[in-house]
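Working notes, structure below.
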Amino acid sequence: MARDNGGIIGVTNNPTSSTATGVWSIESQYQARVGDTWPQRALFASNAVRYNSSSSDYLRQVEGTAATSGTTYTFSTWLKRSKLGTDQTIFYNYINSSNFAQIYFRGPQKDIRYFDRVSGGDTCVGTTSPRLFEDSTGWMNVVLSVNTTQSASADKVKFYINGEYLAFNFDNVPSTSQVLTLGSAGTRTVGANDSGGNNLDGYLSETILIDGQALDGTSFGTTNSDGVWVPIPYLGTYGNIGFNLQYGDAAALGTDSSPNANTFTPSNLTSVDQSTDYPKVNNATLNPLIYTDSTISEGNLQYTSPGSNPVFGSLSSIGMGQGKWYGEVNYVAGSNHYLVLGVADETFNSSSTSSSYDLGKSGTTSSIAYVVNTGAYRINNSNTSWGSAGGDGQIIMWAIDKVNNKIYFGVNGVWGASSNPASNSGGIPTTALDSSTSWFIGCTNDTGSTETVAQFNFGSPPYAISSSNADANGYGNFEYAVPSGYYALNTANLAEFG
């Protein structure tokens with residue numbers, strides 16, 4: 001008979017992500033798995049590294065130990081792109097001018113290319129083409145699996161993207177049992193080439209090299225109950241020169257978690273570049289794919305306007321269709337008080353005209369702007385006083401309530417116009433927005449003659465925080481307390497509230 005404490009059947013059991021007590025009936029197990037509440041394999045450490053190409057960020061390690069097998073190896077990493085259109089190195093190994101290899105994104109082609117030179121010859125060259133990679137909003141698992149002891153060309157080099165096998169499009173096929181450079185000892189660089197160029201712009205999480213085994217994607221990920229490829233810990237061996245970078249120590253981002261202790265040395269990467277934007281909790285960023293004449297950098301979290309007209313801004317990569325959401329913006333010191341934060345609906349977001357990205361301006365009725373330097377909010381170029389103004393070096397808070405259709409802005413912990421999002425008190429009216437669509441947070445510059453710099457914190461800031469505050473689900477690293485009932489804008493919270 002069923003008992004509430006778990007008993008024989010345990011139909012009222014409520015498993016957590018790590019435990020399930022009592023004896024379960026087949027039906028109750030099924031329901032728990034359907035609801036994704038049945039305990040899963042533990043995830044790896046929830047950290048990543050944010051690479052910024054303009055800062056020439058990378059990790060490097062010199063490996064002197066001979067490889068277990070230069071013919072057989074696997075490279076895997078979880079990756080979220082930020083910038084498209086340029087050649088960007090994911091992993092590089094340099095022995096000398098005649099022996100070097102890399103995995104990289106090709107700029108105009110938008111594919112992934114593996115190039116391996118041995119003794120001055122282009123021994124292995126090919127791409128994932130026609131598969132292209134243009135998404136700058138989501139995470140993907142990239143696996144390169146090599147075994148040149150195989151006789152068939154197609155079996156020698158394989159790519160797996162989110163667990164899906166991709167045939168390698170060869171330009172040059174390695175000979176059978178050819179020792180290649182990428183899986184050999186040398187100077188290994190993550191995020192750049194041997195000279196520190198072709199820098200990666202984006203995020204990496206759990207970067208692994210397996211020496212002596214050719215593995216497929218199932219060693220690094222699995223499909224969850226929603227059909228999404230998600231990470232699992234790698235539980236196997238590493239061979240002589242393998243490594244596992246989990247980026248869990250902010251003070252030592254290149255620490256190797258494998259038994260080999262192949263720790264990498266950071267170059268231009270600091271503790272601020274550690275990120276909690278990772279595959280299971282994909283944070284919002286600014287969206288570089290919509291029109292803008294401004295610069296989006298630092299993992300698509302920093303907005304820099306040009307110093308001349310015209311000026312159009314950017315919007316978040318994730319929209320808010322329902323629920324309550326919170327975030328912060330660091331108004332970078334020296335940016336001269338011209339920042340405008342705004343909220344736009346889907347009509348505004350999908351507009352094909354560049355002028356639509358001037359938030360709150362005349363003719364753009366599907367957006368609302370908070371003019372930070374004046375403390376007013378703007379709808380269709382009409383300004384209304386809201387609260388005290390913000391300025392250089394201050395933290396601007398925003399809260400979007402899609403339950404009651406309200407918007408709030410604040411400065412350094414104080415909400416404007418004596419409002420309080422936690423108690424549904426006050427708030428900016430949102431009749432200019434289509435409440436039936438998703439809303440997007442964004443920014444622009446209020447003048448075309450002065451550069452403005454703003455750094456967005458959707459939960460993992462690109463700047464140092466003096467006091468750390470998370471939402472009720474434990475997500476986020478904010479300067480100020482998250483209002484009760486509000487959450488960081490990420491896919492984990494969206495699955496529950498969005």
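By order of appearance in the structure tokens: chains A, B, ..., then residues from 1 within every chain, and ligands from 1 in the order shown.
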
For Lys324 of chain A: contacts at 12 Å, only C-alpha atoms, fewer than 4 positions along chain excluded, given as a ChimeraX atom specification
/A:319-320,398-408,421-422,424,439,471,482-490,493-494,496-498

Can you pull out every residue within 9 Å of Ile103 of chain A, counting only C-alpha atoms, but drop anything in the same chain fewer than 6 positions away, and send it as a ChimeraX atom specification?
/A:88-92,112-116,144,182

Quick one: distance from atom CA of Tyr160 of chain A to atom CA of Leu289 of chain A in Å, one decimal?
25.4 Å

Among segment 25-162 of chain A, which residues carry a DSSP assignment of strand (DSSP E or B), reported as a PDB file with N, CA and C atoms, in the first residue's frame?
```pdb
ATOM      1  N   ALA A  48      32.992  28.940 -16.284  1.00  0.00           N
ATOM      2  CA  ALA A  48      33.538  29.085 -17.623  1.00  0.00           C
ATOM      3  C   ALA A  48      34.557  30.217 -17.584  1.00  0.00           C
ATOM      4  N   VAL A  49      35.230  30.423 -18.702  1.00  0.00           N
ATOM      5  CA  VAL A  49      36.118  31.579 -18.867  1.00  0.00           C
ATOM      6  C   VAL A  49      35.602  32.411 -20.025  1.00  0.00           C
ATOM      7  N   ARG A  50      35.550  33.714 -19.805  1.00  0.00           N
ATOM      8  CA  ARG A  50      35.104  34.652 -20.833  1.00  0.00           C
ATOM      9  C   ARG A  50      36.338  35.219 -21.537  1.00  0.00           C
ATOM     10  N   TYR A  51      36.460  34.918 -22.834  1.00  0.00           N
ATOM     11  CA  TYR A  51      37.590  35.391 -23.640  1.00  0.00           C
ATOM     12  C   TYR A  51      37.166  36.632 -24.426  1.00  0.00           C
ATOM     13  N   TYR A  58      44.290  34.450 -23.468  1.00  0.00           N
ATOM     14  CA  TYR A  58      44.505  33.041 -23.774  1.00  0.00           C
ATOM     15  C   TYR A  58      45.139  32.336 -22.579  1.00  0.00           C
ATOM     16  N   LEU A  59      45.187  30.984 -22.663  1.00  0.00           N
ATOM     17  CA  LEU A  59      45.864  30.126 -21.695  1.00  0.00           C
ATOM     18  C   LEU A  59      46.940  29.337 -22.429  1.00  0.00           C
ATOM     19  N   ARG A  60      48.100  29.134 -21.781  1.00  0.00           N
ATOM     20  CA  ARG A  60      49.195  28.439 -22.470  1.00  0.00           C
ATOM     21  C   ARG A  60      49.922  27.500 -21.517  1.00  0.00           C
ATOM     22  N   GLN A  61      50.376  26.357 -22.077  1.00  0.00           N
ATOM     23  CA  GLN A  61      51.117  25.373 -21.302  1.00  0.00           C
ATOM     24  C   GLN A  61      52.120  24.674 -22.212  1.00  0.00           C
ATOM     25  N   VAL A  62      53.342  24.470 -21.711  1.00  0.00           N
ATOM     26  CA  VAL A  62      54.374  23.765 -22.466  1.00  0.00           C
ATOM     27  C   VAL A  62      54.446  22.335 -21.958  1.00  0.00           C
ATOM     28  N   THR A  72      46.133   8.971 -31.956  1.00  0.00           N
ATOM     29  CA  THR A  72      44.787   8.773 -31.422  1.00  0.00           C
ATOM     30  C   THR A  72      44.555   9.730 -30.254  1.00  0.00           C
ATOM     31  N   TYR A  73      43.547  10.589 -30.366  1.00  0.00           N
ATOM     32  CA  TYR A  73      43.276  11.560 -29.306  1.00  0.00           C
ATOM     33  C   TYR A  73      41.904  12.178 -29.517  1.00  0.00           C
ATOM     34  N   THR A  74      41.422  12.848 -28.469  1.00  0.00           N
ATOM     35  CA  THR A  74      40.119  13.516 -28.509  1.00  0.00           C
ATOM     36  C   THR A  74      40.245  14.879 -27.842  1.00  0.00           C
ATOM     37  N   PHE A  75      39.691  15.897 -28.488  1.00  0.00           N
ATOM     38  CA  PHE A  75      39.586  17.226 -27.883  1.00  0.00           C
ATOM     39  C   PHE A  75      38.110  17.570 -27.749  1.00  0.00           C
ATOM     40  N   SER A  76      37.728  18.058 -26.559  1.00  0.00           N
ATOM     41  CA  SER A  76      36.332  18.438 -26.320  1.00  0.00           C
ATOM     42  C   SER A  76      36.287  19.743 -25.540  1.00  0.00           C
ATOM     43  N   THR A  77      35.346  20.593 -25.879  1.00  0.00           N
ATOM     44  CA  THR A  77      35.088  21.785 -25.076  1.00  0.00           C
ATOM     45  C   THR A  77      33.635  22.205 -25.270  1.00  0.00           C
ATOM     46  N   TRP A  78      33.093  22.861 -24.256  1.00  0.00           N
ATOM     47  CA  TRP A  78      31.808  23.547 -24.379  1.00  0.00           C
ATOM     48  C   TRP A  78      32.105  24.997 -24.700  1.00  0.00           C
ATOM     49  N   LEU A  79      31.357  25.560 -25.644  1.00  0.00           N
ATOM     50  CA  LEU A  79      31.714  26.861 -26.199  1.00  0.00           C
ATOM     51  C   LEU A  79      30.473  27.691 -26.496  1.00  0.00           C
ATOM     52  N   LYS A  80      30.567  28.971 -26.189  1.00  0.00           N
ATOM     53  CA  LYS A  80      29.524  29.936 -26.541  1.00  0.00           C
ATOM     54  C   LYS A  80      30.203  31.110 -27.244  1.00  0.00           C
ATOM     55  N   ARG A  81      29.882  31.295 -28.513  1.00  0.00           N
ATOM     56  CA  ARG A  81      30.519  32.354 -29.308  1.00  0.00           C
ATOM     57  C   ARG A  81      29.993  33.731 -28.924  1.00  0.00           C
ATOM     58  N   GLN A  88      39.145  32.661 -35.408  1.00  0.00           N
ATOM     59  CA  GLN A  88      39.319  32.601 -33.959  1.00  0.00           C
ATOM     60  C   GLN A  88      39.748  31.191 -33.558  1.00  0.00           C
ATOM     61  N   THR A  89      40.887  31.126 -32.873  1.00  0.00           N
ATOM     62  CA  THR A  89      41.453  29.837 -32.479  1.00  0.00           C
ATOM     63  C   THR A  89      40.800  29.313 -31.210  1.00  0.00           C
ATOM     64  N   ILE A  90      40.427  28.036 -31.240  1.00  0.00           N
ATOM     65  CA  ILE A  90      39.931  27.360 -30.046  1.00  0.00           C
ATOM     66  C   ILE A  90      41.093  26.680 -29.323  1.00  0.00           C
ATOM     67  N   PHE A  91      41.879  25.862 -30.054  1.00  0.00           N
ATOM     68  CA  PHE A  91      43.008  25.145 -29.459  1.00  0.00           C
ATOM     69  C   PHE A  91      44.140  25.072 -30.474  1.00  0.00           C
ATOM     70  N   TYR A  92      45.371  25.310 -29.995  1.00  0.00           N
ATOM     71  CA  TYR A  92      46.545  25.370 -30.873  1.00  0.00           C
ATOM     72  C   TYR A  92      47.694  24.617 -30.222  1.00  0.00           C
ATOM     73  N   ASN A  93      48.459  23.868 -31.023  1.00  0.00           N
ATOM     74  CA  ASN A  93      49.681  23.238 -30.527  1.00  0.00           C
ATOM     75  C   ASN A  93      50.828  23.550 -31.475  1.00  0.00           C
ATOM     76  N   TYR A  94      51.928  24.038 -30.894  1.00  0.00           N
ATOM     77  CA  TYR A  94      53.088  24.456 -31.690  1.00  0.00           C
ATOM     78  C   TYR A  94      54.324  23.696 -31.216  1.00  0.00           C
ATOM     79  N   ILE A  95      54.969  22.992 -32.143  1.00  0.00           N
ATOM     80  CA  ILE A  95      56.244  22.346 -31.844  1.00  0.00           C
ATOM     81  C   ILE A  95      57.391  23.154 -32.434  1.00  0.00           C
ATOM     82  N   ASN A  96      57.304  23.453 -33.720  1.00  0.00           N
ATOM     83  CA  ASN A  96      58.250  24.334 -34.398  1.00  0.00           C
ATOM     84  C   ASN A  96      57.586  24.819 -35.678  1.00  0.00           C
ATOM     85  N   ASN A  99      55.919  22.119 -37.647  1.00  0.00           N
ATOM     86  CA  ASN A  99      54.958  21.242 -36.978  1.00  0.00           C
ATOM     87  C   ASN A  99      54.057  22.058 -36.056  1.00  0.00           C
ATOM     88  N   PHE A 100      52.865  22.326 -36.523  1.00  0.00           N
ATOM     89  CA  PHE A 100      51.889  23.054 -35.708  1.00  0.00           C
ATOM     90  C   PHE A 100      50.487  22.681 -36.176  1.00  0.00           C
ATOM     91  N   ALA A 101      49.519  22.895 -35.307  1.00  0.00           N
ATOM     92  CA  ALA A 101      48.144  22.478 -35.609  1.00  0.00           C
ATOM     93  C   ALA A 101      47.167  23.324 -34.817  1.00  0.00           C
ATOM     94  N   GLN A 102      45.941  23.427 -35.337  1.00  0.00           N
ATOM     95  CA  GLN A 102      44.931  24.172 -34.601  1.00  0.00           C
ATOM     96  C   GLN A 102      43.519  23.766 -35.009  1.00  0.00           C
ATOM     97  N   ILE A 103      42.590  23.995 -34.072  1.00  0.00           N
ATOM     98  CA  ILE A 103      41.153  23.945 -34.324  1.00  0.00           C
ATOM     99  C   ILE A 103      40.671  25.379 -34.211  1.00  0.00           C
ATOM    100  N   TYR A 104      39.963  25.867 -35.223  1.00  0.00           N
ATOM    101  CA  TYR A 104      39.559  27.264 -35.169  1.00  0.00           C
ATOM    102  C   TYR A 104      38.301  27.520 -35.988  1.00  0.00           C
ATOM    103  N   PHE A 105      37.617  28.626 -35.645  1.00  0.00           N
ATOM    104  CA  PHE A 105      36.506  29.110 -36.459  1.00  0.00           C
ATOM    105  C   PHE A 105      37.072  29.927 -37.603  1.00  0.00           C
ATOM    106  N   ILE A 112      34.056  25.333 -38.683  1.00  0.00           N
ATOM    107  CA  ILE A 112      35.188  24.976 -37.836  1.00  0.00           C
ATOM    108  C   ILE A 112      36.194  24.220 -38.696  1.00  0.00           C
ATOM    109  N   ARG A 113      37.456  24.587 -38.586  1.00  0.00           N
ATOM    110  CA  ARG A 113      38.506  24.006 -39.412  1.00  0.00           C
ATOM    111  C   ARG A 113      39.569  23.364 -38.517  1.00  0.00           C
ATOM    112  N   TYR A 114      40.025  22.183 -38.907  1.00  0.00           N
ATOM    113  CA  TYR A 114      41.141  21.525 -38.249  1.00  0.00           C
ATOM    114  C   TYR A 114      42.289  21.463 -39.233  1.00  0.00           C
ATOM    115  N   PHE A 115      43.422  22.042 -38.832  1.00  0.00           N
ATOM    116  CA  PHE A 115      44.611  22.116 -39.684  1.00  0.00           C
ATOM    117  C   PHE A 115      45.776  21.514 -38.916  1.00  0.00           C
ATOM    118  N   ASP A 116      46.480  20.547 -39.518  1.00  0.00           N
ATOM    119  CA  ASP A 116      47.605  19.893 -38.845  1.00  0.00           C
ATOM    120  C   ASP A 116      48.779  19.765 -39.811  1.00  0.00           C
ATOM    121  N   ARG A 117      49.852  20.487 -39.504  1.00  0.00           N
ATOM    122  CA  ARG A 117      51.060  20.445 -40.346  1.00  0.00           C
ATOM    123  C   ARG A 117      52.113  19.575 -39.670  1.00  0.00           C
ATOM    124  N   VAL A 118      52.681  18.649 -40.429  1.00  0.00           N
ATOM    125  CA  VAL A 118      53.716  17.739 -39.939  1.00  0.00           C
ATOM    126  C   VAL A 118      54.897  17.793 -40.900  1.00  0.00           C
ATOM    127  N   GLY A 121      54.555  19.757 -44.088  1.00  0.00           N
ATOM    128  CA  GLY A 121      53.476  19.441 -45.018  1.00  0.00           C
ATOM    129  C   GLY A 121      52.111  19.559 -44.380  1.00  0.00           C
ATOM    130  N   ASP A 122      51.127  19.969 -45.157  1.00  0.00           N
ATOM    131  CA  ASP A 122      49.752  20.087 -44.656  1.00  0.00           C
ATOM    132  C   ASP A 122      49.133  18.691 -44.636  1.00  0.00           C
ATOM    133  N   THR A 123      49.406  17.967 -43.544  1.00  0.00           N
ATOM    134  CA  THR A 123      49.099  16.542 -43.472  1.00  0.00           C
ATOM    135  C   THR A 123      47.626  16.256 -43.289  1.00  0.00           C
ATOM    136  N   CYS A 124      46.958  17.055 -42.471  1.00  0.00           N
ATOM    137  CA  CYS A 124      45.522  16.867 -42.235  1.00  0.00           C
ATOM    138  C   CYS A 124      44.842  18.220 -42.244  1.00  0.00           C
ATOM    139  N   VAL A 125      43.941  18.420 -43.192  1.00  0.00           N
ATOM    140  CA  VAL A 125      43.234  19.692 -43.319  1.00  0.00           C
ATOM    141  C   VAL A 125      41.791  19.400 -43.698  1.00  0.00           C
ATOM    142  N   GLY A 126      40.852  20.065 -43.037  1.00  0.00           N
ATOM    143  CA  GLY A 126      39.450  19.895 -43.387  1.00  0.00           C
ATOM    144  C   GLY A 126      38.559  20.738 -42.506  1.00  0.00           C
ATOM    145  N   THR A 127      37.276  20.711 -42.809  1.00  0.00           N
ATOM    146  CA  THR A 127      36.328  21.558 -42.101  1.00  0.00           C
ATOM    147  C   THR A 127      35.034  20.809 -41.806  1.00  0.00           C
ATOM    148  N   MET A 140      27.397  25.218 -27.138  1.00  0.00           N
ATOM    149  CA  MET A 140      27.498  23.987 -27.904  1.00  0.00           C
ATOM    150  C   MET A 140      28.729  23.207 -27.459  1.00  0.00           C
ATOM    151  N   ASN A 141      28.648  21.887 -27.618  1.00  0.00           N
ATOM    152  CA  ASN A 141      29.750  20.999 -27.288  1.00  0.00           C
ATOM    153  C   ASN A 141      30.458  20.601 -28.578  1.00  0.00           C
ATOM    154  N   VAL A 142      31.748  20.949 -28.678  1.00  0.00           N
ATOM    155  CA  VAL A 142      32.558  20.650 -29.857  1.00  0.00           C
ATOM    156  C   VAL A 142      33.528  19.538 -29.498  1.00  0.00           C
ATOM    157  N   VAL A 143      33.463  18.424 -30.226  1.00  0.00           N
ATOM    158  CA  VAL A 143      34.355  17.289 -29.985  1.00  0.00           C
ATOM    159  C   VAL A 143      35.066  16.945 -31.294  1.00  0.00           C
ATOM    160  N   LEU A 144      36.401  16.908 -31.253  1.00  0.00           N
ATOM    161  CA  LEU A 144      37.219  16.425 -32.368  1.00  0.00           C
ATOM    162  C   LEU A 144      37.800  15.078 -31.955  1.00  0.00           C
ATOM    163  N   SER A 145      37.516  14.035 -32.721  1.00  0.00           N
ATOM    164  CA  SER A 145      37.965  12.679 -32.408  1.00  0.00           C
ATOM    165  C   SER A 145      38.853  12.180 -33.544  1.00  0.00           C
ATOM    166  N   VAL A 146      40.106  11.823 -33.215  1.00  0.00           N
ATOM    167  CA  VAL A 146      41.098  11.465 -34.233  1.00  0.00           C
ATOM    168  C   VAL A 146      41.658  10.072 -33.956  1.00  0.00           C
ATOM    169  N   ASN A 147      41.716   9.251 -34.999  1.00  0.00           N
ATOM    170  CA  ASN A 147      42.363   7.944 -34.920  1.00  0.00           C
ATOM    171  C   ASN A 147      42.889   7.594 -36.303  1.00  0.00           C
ATOM    172  N   VAL A 157      39.209  11.103 -38.841  1.00  0.00           N
ATOM    173  CA  VAL A 157      38.911  12.372 -38.176  1.00  0.00           C
ATOM    174  C   VAL A 157      37.402  12.571 -38.156  1.00  0.00           C
ATOM    175  N   LYS A 158      36.856  12.798 -36.953  1.00  0.00           N
ATOM    176  CA  LYS A 158      35.416  12.996 -36.806  1.00  0.00           C
ATOM    177  C   LYS A 158      35.143  14.207 -35.912  1.00  0.00           C
ATOM    178  N   PHE A 159      34.112  14.930 -36.243  1.00  0.00           N
ATOM    179  CA  PHE A 159      33.600  15.993 -35.369  1.00  0.00           C
ATOM    180  C   PHE A 159      32.245  15.568 -34.817  1.00  0.00           C
ATOM    181  N   TYR A 160      31.990  15.942 -33.572  1.00  0.00           N
ATOM    182  CA  TYR A 160      30.671  15.786 -32.962  1.00  0.00           C
ATOM    183  C   TYR A 160      30.273  17.152 -32.396  1.00  0.00           C
ATOM    184  N   ILE A 161      29.125  17.641 -32.820  1.00  0.00           N
ATOM    185  CA  ILE A 161      28.600  18.905 -32.305  1.00  0.00           C
ATOM    186  C   ILE A 161      27.306  18.594 -31.560  1.00  0.00           C
TER     187      ILE A 161
END
```

Write out as an MDAnalysis selection string each polymer residue whose atoms come within 12 Å of Glu346 of chain A, counting only C-alpha atoms; drop sequence neighbours fewer than 4 positions from it.
chainID A and resid 315:321 350:352 356 365:367 433:441
